[in-house]
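Engineer: What follows is model.cif, mmCIF, C-alpha atoms and all ligand atoms.
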data_my_file
#
loop_
_atom_site.label_atom_id
_atom_site.label_comp_id
_atom_site.auth_asym_id
_atom_site.auth_seq_id
_atom_site.Cartn_x
_atom_site.Cartn_y
_atom_site.Cartn_z
CA MET A 44 0.00 0.00 0.00
CA LYS A 45 1.45 3.35 -1.09
CA ILE A 46 0.02 6.54 0.38
CA LEU A 47 1.00 9.92 -1.05
CA ALA A 48 0.20 13.09 0.87
CA LEU A 49 0.23 16.47 -0.86
CA ASN A 50 0.87 19.16 1.75
CA ALA A 51 -0.60 22.44 0.50
CA SER A 52 0.43 24.71 3.38
CA HIS A 53 2.37 27.79 2.29
CA ARG A 54 4.41 27.22 5.47
CA GLY A 55 5.55 23.91 4.01
CA ASN A 56 6.96 21.61 6.64
CA GLN A 57 6.66 24.12 9.50
CA GLY A 58 2.89 24.22 9.76
CA HIS A 59 0.04 22.45 11.49
CA THR A 60 -0.83 20.69 8.23
CA ARG A 61 2.53 18.91 8.16
CA PHE A 62 2.22 18.10 11.86
CA LEU A 63 -1.11 16.35 11.20
CA VAL A 64 0.24 14.62 8.09
CA ASP A 65 3.06 13.22 10.22
CA LYS A 66 0.51 11.76 12.67
CA LEU A 67 -1.25 10.10 9.74
CA ALA A 68 2.10 8.86 8.42
CA LYS A 69 3.03 7.33 11.79
CA GLY A 70 -0.19 5.27 11.86
CA ALA A 71 0.14 4.32 8.21
CA THR A 72 3.71 3.09 8.50
CA ASP A 73 2.81 1.19 11.69
CA GLY A 74 0.13 -0.47 9.55
CA GLY A 75 2.73 -1.49 6.95
CA ALA A 76 2.13 1.20 4.31
CA GLN A 77 4.70 3.24 2.47
CA PHE A 78 3.95 6.92 3.14
CA GLU A 79 5.39 9.82 1.12
CA VAL A 80 4.85 13.53 1.46
CA VAL A 81 5.06 16.10 -1.33
CA THR A 82 5.44 19.64 -0.02
CA LEU A 83 3.88 21.78 -2.73
CA ALA A 84 5.47 24.97 -1.34
CA GLU A 85 8.91 23.59 -2.26
CA LEU A 86 7.99 23.04 -5.90
CA LYS A 87 7.78 25.11 -9.02
CA ILE A 88 4.13 25.16 -10.07
CA ASN A 89 3.11 27.34 -12.99
CA ARG A 90 -0.52 28.25 -13.39
CA CYS A 91 -2.65 26.77 -16.17
CA LEU A 92 -2.71 29.23 -19.08
CA SER A 93 -5.96 27.85 -20.44
CA CYS A 94 -4.13 27.74 -23.78
CA GLY A 95 -5.84 24.45 -24.71
CA LYS A 96 -2.65 22.99 -26.24
CA CYS A 97 -3.13 19.86 -24.08
CA ASN A 98 -6.23 19.10 -26.14
CA THR A 99 -4.64 19.49 -29.56
CA ARG A 100 -3.37 16.60 -31.67
CA GLU A 101 0.25 17.80 -31.54
CA HIS A 102 0.34 18.20 -27.77
CA TYR A 103 -2.30 15.67 -26.72
CA LEU A 104 -2.60 15.41 -22.91
CA ARG A 105 0.72 17.17 -22.43
CA CYS A 106 1.07 20.57 -20.79
CA VAL A 107 3.36 23.23 -22.22
CA TYR A 108 4.98 23.32 -18.78
CA ASP A 109 5.64 19.57 -18.52
CA ASP A 110 9.42 19.99 -18.90
CA LYS A 111 9.56 23.38 -17.24
CA ASP A 112 8.18 22.83 -13.76
CA ASP A 113 7.48 20.11 -11.18
CA VAL A 114 3.80 19.36 -11.74
CA ARG A 115 4.09 16.38 -14.10
CA GLY A 116 6.52 14.78 -11.66
CA VAL A 117 3.87 14.99 -8.91
CA PHE A 118 1.21 13.59 -11.26
CA ASN A 119 3.55 10.65 -11.92
CA ARG A 120 3.89 10.05 -8.20
CA MET A 121 0.10 10.24 -7.82
CA ALA A 122 -0.21 7.62 -10.55
CA GLU A 123 2.04 5.27 -8.55
CA ALA A 124 0.14 5.73 -5.28
CA ASP A 125 -2.84 3.73 -4.01
CA ILE A 126 -4.30 6.54 -1.89
CA ILE A 127 -3.83 10.30 -2.20
CA VAL A 128 -4.14 12.61 0.79
CA PHE A 129 -4.92 16.25 0.06
CA ALA A 130 -3.66 17.95 3.22
CA THR A 131 -4.64 21.58 3.26
CA PRO A 132 -5.22 24.52 5.54
CA VAL A 133 -8.24 26.77 5.08
CA TYR A 134 -7.27 30.09 3.54
CA VAL A 135 -10.09 32.65 3.50
CA PHE A 136 -12.78 29.92 3.62
CA SER A 137 -11.25 27.96 0.77
CA MET A 138 -8.04 26.26 -0.33
CA PRO A 139 -4.63 27.98 -0.60
CA GLY A 140 -3.88 29.38 -4.05
CA LEU A 141 -0.96 26.96 -4.22
CA LEU A 142 -3.25 23.93 -4.13
CA LYS A 143 -5.75 25.43 -6.56
CA THR A 144 -2.96 26.31 -8.99
CA PHE A 145 -1.73 22.73 -8.74
CA LEU A 146 -5.20 21.22 -9.19
CA ASP A 147 -5.97 23.43 -12.20
CA ARG A 148 -3.12 21.69 -13.96
CA LEU A 149 -5.15 18.45 -13.90
CA TYR A 150 -6.87 19.98 -16.91
CA ALA A 151 -3.93 18.84 -19.05
CA THR A 152 -4.49 15.20 -18.09
CA GLY A 153 -7.99 14.90 -19.56
CA ASP A 154 -9.56 15.02 -23.02
CA VAL A 155 -12.31 17.61 -22.56
CA PHE A 156 -13.92 16.66 -25.89
CA ASP A 157 -14.42 13.05 -24.81
CA LEU A 158 -17.68 13.25 -22.84
CA ARG A 159 -18.45 10.42 -20.44
CA LEU A 160 -20.79 9.39 -17.67
CA THR A 161 -19.17 8.83 -14.30
CA LYS A 162 -20.05 5.88 -12.06
CA SER A 163 -21.93 8.35 -9.89
CA GLY A 164 -24.02 9.36 -12.93
CA MET A 165 -22.44 12.74 -13.68
CA PHE A 166 -21.67 14.01 -17.17
CA PHE A 167 -17.93 14.65 -17.26
CA HIS A 168 -15.10 14.44 -19.71
CA HIS A 169 -12.31 11.89 -19.89
CA LEU A 170 -9.59 12.15 -17.31
CA ASP A 171 -6.58 10.04 -16.44
CA PRO A 172 -7.93 7.52 -13.92
CA ASP A 173 -4.40 6.67 -12.73
CA ILE A 174 -4.03 10.23 -11.48
CA CYS A 175 -7.58 11.26 -10.65
CA SER A 176 -9.58 8.18 -9.68
CA LYS A 177 -7.61 6.95 -6.70
CA PRO A 178 -9.26 6.91 -3.27
CA ILE A 179 -8.62 10.30 -1.71
CA VAL A 180 -8.43 11.61 1.83
CA ALA A 181 -9.14 15.25 2.64
CA LEU A 182 -7.17 16.48 5.64
CA ILE A 183 -8.27 20.02 6.41
CA CYS A 184 -7.06 22.30 9.19
CA CYS A 185 -8.01 25.80 10.25
CA ASP A 186 -7.90 28.16 13.22
CA ASN A 187 -11.54 29.17 13.49
CA THR A 188 -14.00 27.00 15.41
CA GLU A 189 -17.24 27.72 13.54
CA LYS A 190 -18.58 24.79 11.51
CA GLU A 191 -18.94 26.96 8.41
CA THR A 192 -15.21 27.66 8.12
CA PRO A 193 -14.08 24.40 6.45
CA GLN A 194 -17.42 23.80 4.67
CA ASN A 195 -16.32 25.00 1.22
CA LEU A 196 -13.33 22.69 1.29
CA ILE A 197 -15.37 19.73 2.51
CA SER A 198 -17.85 20.37 -0.27
CA TYR A 199 -15.01 20.77 -2.80
CA PHE A 200 -13.48 17.38 -2.01
CA ARG A 201 -16.89 15.67 -2.06
CA THR A 202 -17.49 17.11 -5.53
CA TYR A 203 -13.96 16.20 -6.65
CA ALA A 204 -14.54 12.62 -5.48
CA LYS A 205 -17.88 12.39 -7.28
CA PHE A 206 -16.76 13.69 -10.67
CA HIS A 207 -13.47 11.80 -10.60
CA ASP A 208 -14.91 8.48 -9.41
CA ALA A 209 -12.38 8.77 -6.59
CA PRO A 210 -13.77 7.25 -3.38
CA LEU A 211 -13.53 9.66 -0.46
CA ALA A 212 -11.65 7.32 1.87
CA GLY A 213 -11.39 9.81 4.72
CA LEU A 214 -12.39 13.29 5.80
CA LEU A 215 -10.35 14.68 8.69
CA VAL A 216 -11.00 18.22 9.87
CA ARG A 217 -8.94 19.76 12.65
CA ASN A 218 -10.07 23.22 13.70
CA ALA A 219 -8.88 25.49 16.56
CA GLY A 220 -5.32 25.12 15.30
CA ARG A 221 -4.09 28.34 16.87
CA PHE A 222 -5.71 27.47 20.19
CA ALA A 223 -3.91 24.13 19.98
CA GLY A 224 -0.58 25.81 19.24
CA HIS A 225 -0.47 24.33 15.74
CA GLY A 226 1.03 21.14 17.16
CA ARG A 227 4.15 22.95 18.35
CA ASP A 228 3.14 24.06 21.87
CA PRO A 229 3.37 21.49 24.70
CA GLY A 230 1.09 23.73 26.81
CA ALA A 231 -1.73 23.02 24.37
CA PHE A 232 -2.54 19.73 26.07
CA GLU A 233 -3.36 21.60 29.28
CA ARG A 234 -5.57 24.10 27.49
CA ALA A 235 -7.26 21.40 25.47
CA PRO A 236 -7.25 18.04 27.25
CA ARG A 237 -9.06 16.40 24.30
CA LEU A 238 -6.27 17.30 21.90
CA ALA A 239 -4.31 14.14 22.66
CA ALA A 240 -7.30 11.99 21.68
CA ALA A 241 -7.76 13.98 18.47
CA TYR A 242 -4.10 13.53 17.48
CA GLN A 243 -4.29 9.86 18.41
CA ALA A 244 -7.24 9.56 16.01
CA PHE A 245 -5.07 10.95 13.18
CA GLU A 246 -2.60 8.12 13.82
CA GLN A 247 -5.47 5.64 13.97
CA ALA A 248 -6.75 7.04 10.65
CA GLY A 249 -3.36 6.37 9.07
CA TYR A 250 -3.38 2.83 10.43
CA GLU A 251 -6.88 2.18 9.06
CA LEU A 252 -5.88 3.55 5.65
CA ALA A 253 -2.91 1.21 5.55
CA THR A 254 -4.84 -1.85 6.67
CA THR A 255 -8.33 -1.37 5.22
CA GLY A 256 -7.98 1.43 2.65
CA ARG A 257 -10.41 3.76 4.41
CA VAL A 258 -10.94 5.66 7.65
CA LYS A 259 -13.80 4.54 9.90
CA PRO A 260 -16.50 7.18 10.55
CA SER A 261 -15.84 6.89 14.31
CA THR A 262 -12.15 7.69 13.76
CA GLN A 263 -13.02 10.67 11.55
CA LYS A 264 -15.32 11.93 14.30
CA ALA A 265 -12.61 11.55 16.94
CA ALA A 266 -10.00 13.34 14.80
CA SER A 267 -12.40 16.17 14.04
CA GLN A 268 -13.83 16.49 17.56
CA ASN A 269 -14.26 19.78 19.35
CA ILE A 270 -11.16 20.23 21.53
CA ILE A 271 -12.25 23.35 23.37
CA PRO A 272 -13.73 22.24 26.65
CA MET A 273 -17.31 23.45 26.86
CA PRO A 274 -20.01 22.16 29.24
CA PRO A 275 -23.30 21.29 27.45
CA LEU A 276 -25.13 24.20 29.10
CA ILE A 277 -22.59 26.71 27.77
CA ARG A 278 -22.83 25.13 24.31
CA LEU A 279 -26.55 25.89 24.46
CA LEU A 280 -26.11 29.37 25.89
CA LYS A 281 -23.52 30.26 23.28
CA ASN A 282 -26.36 30.96 20.89
CA PHE A 283 -27.02 34.11 22.92
CA GLN A 284 -24.96 37.14 21.95
CA PRO A 285 -23.94 38.27 25.48
CA VAL A 286 -22.62 34.78 26.26
CA LYS A 287 -20.80 34.67 22.95
CA ARG A 288 -19.20 38.05 23.68
CA LYS A 289 -17.98 36.75 27.04
CA MET A 290 -16.55 33.68 25.30
CA LEU A 291 -14.84 35.92 22.78
CA GLU A 292 -13.09 37.80 25.59
CA GLN A 293 -11.85 34.53 27.05
CA ALA A 294 -10.78 33.16 23.67
CA ARG A 295 -8.81 36.33 22.92
CA LYS A 296 -6.80 35.89 26.10
CA MET A 297 -6.16 32.23 25.34
CA THR A 298 -5.14 32.86 21.74
CA ARG A 299 -2.66 35.50 22.80
CA PHE A 300 -1.33 33.17 25.45
CA ALA A 301 -0.94 30.40 22.87
CA ASN A 302 1.02 32.67 20.56
CA GLY A 303 3.18 34.23 23.24
CA ASP A 304 2.51 37.58 21.53
CA VAL A 305 0.91 39.46 24.45
C1 LIG B 401 -3.80 33.57 3.94
C2 LIG B 401 -4.42 32.86 5.09
C3 LIG B 401 -5.79 32.78 5.19
C4 LIG B 401 -6.39 32.10 6.24
N1 LIG B 401 -7.75 32.01 6.29
C5 LIG B 401 -8.33 31.31 7.31
C6 LIG B 401 -9.75 31.18 7.38
O1 LIG B 401 -10.50 31.65 6.53
N2 LIG B 401 -10.28 30.49 8.42
C7 LIG B 401 -9.49 29.91 9.38
O2 LIG B 401 -10.02 29.30 10.30
N3 LIG B 401 -8.15 29.99 9.31
C8 LIG B 401 -7.57 30.68 8.30
N4 LIG B 401 -6.19 30.77 8.24
C9 LIG B 401 -5.40 30.08 9.26
C10 LIG B 401 -4.88 28.73 8.77
O3 LIG B 401 -5.89 27.92 8.24
C11 LIG B 401 -4.24 27.99 9.92
O4 LIG B 401 -3.30 28.81 10.59
C12 LIG B 401 -3.55 26.71 9.46
O5 LIG B 401 -3.02 26.05 10.56
C13 LIG B 401 -2.43 27.04 8.49
O6 LIG B 401 -1.81 25.87 8.10
P1 LIG B 401 -0.26 25.64 8.43
O7 LIG B 401 -0.15 25.73 9.93
O8 LIG B 401 0.05 24.29 7.90
O9 LIG B 401 0.49 26.72 7.74
C14 LIG B 401 -5.58 31.48 7.23
C15 LIG B 401 -4.18 31.55 7.12
C16 LIG B 401 -3.61 32.25 6.09
C17 LIG B 401 -2.11 32.33 6.00
#
Once you've parsed the file, please lay out its structure as structure tokens.
Ligand SMILES: Cc1cc2nc3c(=O)[nH]c(=O)nc-3n(C[C@H](O)[C@H](O)[C@H](O)COP(=O)(O)O)c2cc1C

Structural biologist:
Amino acid sequence: MKILALNASHRGNQGHTRFLVDKLAKGATDGGAQFEVVTLAELKINRCLSCGKCNTREHYLRCVYDDKDDVRGVFNRMAEADIIVFATPVYVFSMPGLLKTFLDRLYATGDVFDLRLTKSGMFFHHLDPDICSKPIVALICCDNTEKETPQNLISYFRTYAKFHDAPLAGLLVRNAGRFAGHGRDPGAFERAPRLAAAYQAFEQAGYELATTGRVKPSTQKAASQNIIPMPPLIRLLKNFQPVKRKMLEQARKMTRFANGDV
């Protein structure tokens, strides 16, 4: 079993995304898989020019940048993998430009004039199944705690999976990253006692991917659980503005504490 993770954080290997990918990798290698990480921020990735050359006879399914940047090399590695992990932070309610620029280049791997019906019953054009139709895992992290924040990305990967006939083998969402110290602050475990269980679930997710090819719903839930301790009554009361304002005050103090930037 070969698992390839694409890390889309602009902070490359320094960020929370990489920290979470490493948890996944630990579980996956314990489960006997080979786990590789591609750090997109380290690569040269030109943007699709929409020149359409990839759909001409002379240049069929080849991009004008194939010999000039690193994208085709990553596509080749995707083609060799059994599972692809898209590991991405939320940037302004969506994906980082780096990941979108990379994904736009998939356009050069499909014949847009060859219309087909996907297994899920969608009209779509030909694409390279070796690159696009592998089981995928979406690993999403963000700092905000509202449910809406990662929604666009969750929806994006569900749509991607549907049109590409790529089973969504896992959906792992880790919010409150700043509160948790982005995986780099030992004090985070005191602030958020549930954090250890959430990180443990990322390792478990890796193990399940390696051994069964998918992440169990219960493991996804544990990885994505709310880590900010909140009694049920407060959770209810938080719908009232004055309570929410009080919580905001508290959160501000904690965030500053976590950053050490008071
Ligand atoms: C340009 C930019 C935009 C961001 N937008 C959001 C956002 O809309 N919502 C959110 O919760 N976090 C947002 N964040 C915070 C990141 O999602 C968060 O810090 C994440 O951990 C970054 O990944 P990294 O630690 O791997 O770099 C943003 C960060 C940056 C740099």

Engineer: Nearest to ligand LIG 401 (chain B): which of A:Ala219, A:Cys97, A:Leu67, A:Leu83 is it, counting all atoms listed in the file?

Structural biologist: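 Among the listed residues, A:Ala219 lies closest to ligand LIG 401 (chain B).
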
Engineer: May I have the residues within 12 Å of stretch 68-75 of chain A as a ChimeraX atom specification, using all atoms listed in the file and disregarding those fewer than 6 positions away in the same chain?

Structural biologist: /A:44-48,61-62,126,128,130,242-258

Engineer: Could you check which of A:Leu146, A:Ile270, A:Ile127, A:Leu158 is closest to A:Val180, using all atoms listed in the file?

Structural biologist: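 Among the listed residues, A:Ile127 lies closest to A:Val180.
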
Engineer: Pick out the closest residue to ligand LIG 401 (chain B) from this set: A:Val107, A:Leu141, A:Cys94, A:Ala265. Count only C-alpha atoms and all ligand atoms.

Structural biologist: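 Looking only at the distances to ligand LIG 401 (chain B), the closest residue turns out to be A:Leu141.
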
Engineer: Set the cut-off to 8 Å, count only C-alpha atoms and all ligand atoms, and list whatever residues fall near ligand LIG 401 (chain B) as a PyMOL selection string.

Structural biologist: chain A and resi 51-62+131-137+139+184-188+192-193+218-221+225

Engineer: Select all residues near (-0.2, 29.6, -20.5) (cut-off 12 Å, inclusive, file coordinates), counting only C-alpha atoms, and output them as a ChimeraX atom specification.

Structural biologist: /A:89-97,106-109,147-148,151

Engineer: Rank nothing, just name the residue among A:Pro272, A:Ser261, A:Pro285, A:His207 nearest to A:Pro236, using all atoms listed in the file.

Structural biologist: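 The shortest atom-to-atom distance to A:Pro236 comes from A:Pro272.
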
Engineer: Hey, which of A:Leu196, A:Leu211, A:Ile183, A:Leu276 ends up closest to A:Lys143? Count only C-alpha atoms.

Structural biologist: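 Going through A:Leu196, A:Leu211, A:Ile183, A:Leu276 one by one, the smallest distance to A:Lys143 is for A:Leu196.
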
Engineer: Record the distance separating atom CA of A:Ala181 and atom CA of A:Asp112, expressed in Å with one decimal.

Structural biologist: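 Interatomic distance, atom CA of A:Ala181 to atom CA of A:Asp112: 25.0 Å.
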
Engineer: Quick one: distance from atom CA of A:Gly153 to atom CA of A:Gly213 in Å, one decimal?

Structural biologist: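 Between atom CA of A:Gly153 and atom CA of A:Gly213 the gap is 25.0 Å.
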
Engineer: Let me know the centre plus edge lengths, in Å and rounded to one decimal, of a box with edges along x, y and z that contains all listed atoms of stretch 248-263 of chain A and is padded by 8 Å on every side, as lines of an AutoDock Vina configuration file.

Structural biologist:
center_x = -9.7
center_y = 4.4
center_z = 8.5
size_x = 29.6
size_y = 28.5
size_z = 27.7

Engineer: When distances are computed from only C-alpha atoms, which of A:Ala241, A:Ile174, A:Leu104, A:Val81 shows the smallest separation from A:Ala122?

Structural biologist: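 Closest to A:Ala122 of all the choices is A:Ile174.
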
Engineer: Go ahead and compute the interatomic distance for atom CA of A:Val64 and atom CA of A:Leu214, in Å to one decimal.

Structural biologist: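 Atom CA of A:Leu214 lies 12.9 Å from atom CA of A:Val64.
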
Engineer: Using all atoms listed in the file, find all polymer residues with an atom at most 12 Å away from the point (-24.4, 11.7, -12.1); report them as a PDB file with C-alpha atoms, keeping the file's coordinate frame.

Structural biologist:
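File result.pdb, as written:
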ATOM      1  CA  ARG A 159     -18.450  10.420 -20.440  1.00  0.00           C
ATOM      2  CA  LEU A 160     -20.790   9.390 -17.670  1.00  0.00           C
ATOM      3  CA  THR A 161     -19.170   8.830 -14.300  1.00  0.00           C
ATOM      4  CA  LYS A 162     -20.050   5.880 -12.060  1.00  0.00           C
ATOM      5  CA  SER A 163     -21.930   8.350  -9.890  1.00  0.00           C
ATOM      6  CA  GLY A 164     -24.020   9.360 -12.930  1.00  0.00           C
ATOM      7  CA  MET A 165     -22.440  12.740 -13.680  1.00  0.00           C
ATOM      8  CA  PHE A 166     -21.670  14.010 -17.170  1.00  0.00           C
ATOM      9  CA  PHE A 167     -17.930  14.650 -17.260  1.00  0.00           C
ATOM     10  CA  THR A 202     -17.490  17.110  -5.530  1.00  0.00           C
ATOM     11  CA  ALA A 204     -14.540  12.620  -5.480  1.00  0.00           C
ATOM     12  CA  LYS A 205     -17.880  12.390  -7.280  1.00  0.00           C
ATOM     13  CA  PHE A 206     -16.760  13.690 -10.670  1.00  0.00           C
ATOM     14  CA  HIS A 207     -13.470  11.800 -10.600  1.00  0.00           C
ATOM     15  CA  ASP A 208     -14.910   8.480  -9.410  1.00  0.00           C
TER      16      ASP A 208
END
